[in-house]
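Engineer: Below are the structure tokens for one structure; questions will follow.
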Amino acid sequence: LGDLVDKAVGIKFPMYEGGPVQPNAVHFLHTRADIISDAISVNEGIYWGGQFEEAVEAIRVGKLKAQEIRFFLGYSGWGENQLQEEYDEKSW
């Protein structure tokens, strides 16, 4: 992370490839909505995004551990019915 994002210099957390959409944007999943505001619940106990600066600061002060967050470059996503339509077209 620290090698790719100026605000996170010195942080040695891995960066994963998230997908072909927005490949230059950092996205993150985590379990700590209690310390990262504006996170969106995606499943019980799993959150997407939130305030990146809060996440970085929590890492720096030891409140957020590597097993509680994953960073991704880009993402994979589909609009409503898009995946089914692609499947029906046999584009997969």
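We label chains A, B, ... in the order they appear in the structure tokens, count residues from 1 in each chain, and number ligands from 1 in the order shown.
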Neighbouring residues of Phe52 (chain A) were defined as those with any atom within 10 Å, considering only C-alpha atoms; residues of the same chain fewer than 5 positions away were excluded. Please report them as a list in words.

Structural biologist: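 Contacts, in chain order: Lys7, Ala8, Val26, His27, Phe28, Ile36, Ser37, Asp38, Ala39, Glu57 and Ala58 of chain A.
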
Engineer: For region 59-66 of chain A, please output as a PDB file with C-alpha atoms, in the first residue's frame all residues within 8 Å (counting only C-alpha atoms; exclusion window: fewer than 6 positions along the same chain).

Structural biologist:
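selection_3.pdb was written with the following content:
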```pdb
ATOM      1  CA  ILE A  11       2.608   1.063   5.435  1.00  0.00           C
ATOM      2  CA  PHE A  13       0.072  -3.891   3.793  1.00  0.00           C
ATOM      3  CA  ARG A  32     -13.881  -2.133  11.533  1.00  0.00           C
TER       4      ARG A  32
END
```

Engineer: Please identify all polymer residues within 12 Å of His30 (chain A), counting only C-alpha atoms, omitting same-chain residues fewer than 3 positions from it, and present them as JSON, numbers by chain.

Structural biologist: {"A": [27, 33, 34, 35, 36, 37, 39, 40, 41, 42, 43, 44, 45, 46, 47, 48, 49, 50, 51, 52, 55, 64, 65, 66, 67, 68, 69, 70, 71, 72]}

Engineer: With N, CA and C atoms kept, could you save the residues just selected as an mmCIF file, in the first residue's frame?

Structural biologist:
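In the end it all went to selection.cif:
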```cif
data_model
loop_
_atom_site.group_PDB
_atom_site.id
_atom_site.type_symbol
_atom_site.label_atom_id
_atom_site.label_comp_id
_atom_site.auth_asym_id
_atom_site.auth_seq_id
_atom_site.Cartn_x
_atom_site.Cartn_y
_atom_site.Cartn_z
ATOM 1 N N HIS A 27 -9.691 0.671 -3.384
ATOM 2 C CA HIS A 27 -10.911 0.308 -2.677
ATOM 3 C C HIS A 27 -10.497 -0.579 -1.519
ATOM 4 N N ALA A 33 -15.939 -0.960 11.048
ATOM 5 C CA ALA A 33 -16.776 0.229 10.876
ATOM 6 C C ALA A 33 -16.834 1.057 12.159
ATOM 7 N N ASP A 34 -16.392 0.483 13.259
ATOM 8 C CA ASP A 34 -16.372 1.225 14.521
ATOM 9 C C ASP A 34 -15.291 2.302 14.538
ATOM 10 N N ILE A 35 -14.277 2.177 13.670
ATOM 11 C CA ILE A 35 -13.202 3.183 13.636
ATOM 12 C C ILE A 35 -13.023 3.827 12.263
ATOM 13 N N ILE A 36 -13.762 3.342 11.248
ATOM 14 C CA ILE A 36 -13.704 3.923 9.906
ATOM 15 C C ILE A 36 -15.107 4.402 9.549
ATOM 16 N N SER A 37 -15.302 5.712 9.569
ATOM 17 C CA SER A 37 -16.637 6.249 9.306
ATOM 18 C C SER A 37 -16.991 6.173 7.822
ATOM 19 N N ALA A 39 -18.378 3.805 6.222
ATOM 20 C CA ALA A 39 -18.260 2.477 5.632
ATOM 21 C C ALA A 39 -19.653 1.955 5.282
ATOM 22 N N ILE A 40 -19.731 1.154 4.248
ATOM 23 C CA ILE A 40 -20.991 0.581 3.794
ATOM 24 C C ILE A 40 -20.976 -0.909 4.089
ATOM 25 N N SER A 41 -21.998 -1.385 4.787
ATOM 26 C CA SER A 41 -22.102 -2.805 5.108
ATOM 27 C C SER A 41 -22.389 -3.601 3.835
ATOM 28 N N VAL A 42 -21.586 -4.648 3.593
ATOM 29 C CA VAL A 42 -21.809 -5.512 2.433
ATOM 30 C C VAL A 42 -22.227 -6.917 2.849
ATOM 31 N N ASN A 43 -22.009 -7.238 4.103
ATOM 32 C CA ASN A 43 -22.395 -8.518 4.672
ATOM 33 C C ASN A 43 -22.214 -8.372 6.178
ATOM 34 N N GLU A 44 -22.705 -9.300 6.924
ATOM 35 C CA GLU A 44 -22.596 -9.200 8.381
ATOM 36 C C GLU A 44 -21.133 -9.106 8.810
ATOM 37 N N GLY A 45 -20.759 -7.948 9.365
ATOM 38 C CA GLY A 45 -19.407 -7.754 9.864
ATOM 39 C C GLY A 45 -18.364 -7.392 8.824
ATOM 40 N N ILE A 46 -18.776 -7.198 7.566
ATOM 41 C CA ILE A 46 -17.842 -6.841 6.495
ATOM 42 C C ILE A 46 -18.311 -5.532 5.864
ATOM 43 N N TYR A 47 -17.376 -4.606 5.697
ATOM 44 C CA TYR A 47 -17.699 -3.266 5.209
ATOM 45 C C TYR A 47 -16.820 -2.889 4.034
ATOM 46 N N TRP A 48 -17.374 -2.041 3.170
ATOM 47 C CA TRP A 48 -16.646 -1.538 2.008
ATOM 48 C C TRP A 48 -16.390 -0.054 2.200
ATOM 49 N N GLY A 49 -15.138 0.335 2.013
ATOM 50 C CA GLY A 49 -14.774 1.737 1.998
ATOM 51 C C GLY A 49 -14.964 2.471 3.300
ATOM 52 N N GLY A 50 -15.173 3.758 3.170
ATOM 53 C CA GLY A 50 -15.220 4.660 4.299
ATOM 54 C C GLY A 50 -14.109 5.682 4.150
ATOM 55 N N GLN A 51 -13.805 6.370 5.204
ATOM 56 C CA GLN A 51 -12.792 7.416 5.173
ATOM 57 C C GLN A 51 -11.394 6.800 5.143
ATOM 58 N N PHE A 52 -10.751 6.891 3.978
ATOM 59 C CA PHE A 52 -9.430 6.291 3.776
ATOM 60 C C PHE A 52 -8.415 6.829 4.781
ATOM 61 N N ALA A 55 -8.631 5.101 8.039
ATOM 62 C CA ALA A 55 -8.062 3.753 7.966
ATOM 63 C C ALA A 55 -6.542 3.810 8.077
ATOM 64 N N LEU A 64 -5.700 -0.871 13.760
ATOM 65 C CA LEU A 64 -6.206 -1.656 12.636
ATOM 66 C C LEU A 64 -5.108 -2.589 12.149
ATOM 67 N N LYS A 65 -5.377 -3.866 12.181
ATOM 68 C CA LYS A 65 -4.400 -4.894 11.812
ATOM 69 C C LYS A 65 -4.626 -5.368 10.378
ATOM 70 N N ALA A 66 -3.604 -5.944 9.784
ATOM 71 C CA ALA A 66 -3.673 -6.415 8.399
ATOM 72 C C ALA A 66 -4.804 -7.420 8.187
ATOM 73 N N GLN A 67 -5.109 -8.238 9.162
ATOM 74 C CA GLN A 67 -6.172 -9.231 8.997
ATOM 75 C C GLN A 67 -7.570 -8.620 9.075
ATOM 76 N N GLU A 68 -7.661 -7.323 9.380
ATOM 77 C CA GLU A 68 -8.952 -6.649 9.484
ATOM 78 C C GLU A 68 -9.287 -5.792 8.264
ATOM 79 N N ILE A 69 -8.373 -5.701 7.300
ATOM 80 C CA ILE A 69 -8.584 -4.845 6.142
ATOM 81 C C ILE A 69 -7.824 -5.382 4.937
ATOM 82 N N ARG A 70 -8.406 -5.208 3.758
ATOM 83 C CA ARG A 70 -7.731 -5.561 2.504
ATOM 84 C C ARG A 70 -7.925 -4.425 1.521
ATOM 85 N N PHE A 71 -6.844 -4.070 0.841
ATOM 86 C CA PHE A 71 -6.856 -2.998 -0.141
ATOM 87 C C PHE A 71 -6.795 -3.588 -1.544
ATOM 88 N N PHE A 72 -7.550 -2.973 -2.457
ATOM 89 C CA PHE A 72 -7.644 -3.457 -3.833
ATOM 90 C C PHE A 72 -7.479 -2.300 -4.807
#
```

Engineer: DSSP says helix (DSSP H, G or I) for which residues of chain A? Put them as a ChimeraX atom specification?

Structural biologist: /A:6-8,52-60,66-68,82-88

Engineer: Got a sec: who's within 9 Å of Gly19 (chain A), counting only C-alpha atoms, leaving out chain neighbours fewer than 4 positions off, as a PyMOL selection string?

Structural biologist: chain A and resi 23+72-77

Engineer: Taking the chain letters and numbering used in this document, name the residues of chain A that DSSP puts in strand (DSSP E), as a VMD selection string.

Structural biologist: chain A and resid 15 to 17 21 to 30 40 to 43 46 to 48 69 to 75

Engineer: State, in Å with one decimal place, the distance from CA of Val56 (chain A) to CA of Asp3 (chain A).

Structural biologist: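 Rounded to one decimal, the two atoms are 13.5 Å apart.
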
Engineer: Which value, in Å to one decimal, gives the distance between CA of Gln84 (chain A) and CA of Pro20 (chain A)?

Structural biologist: 18.6 Å

Engineer: Go ahead and compute the interatomic distance for CA of Val9 (chain A) and CA of Glu53 (chain A), in Å to one decimal.

Structural biologist: 12.2 Å
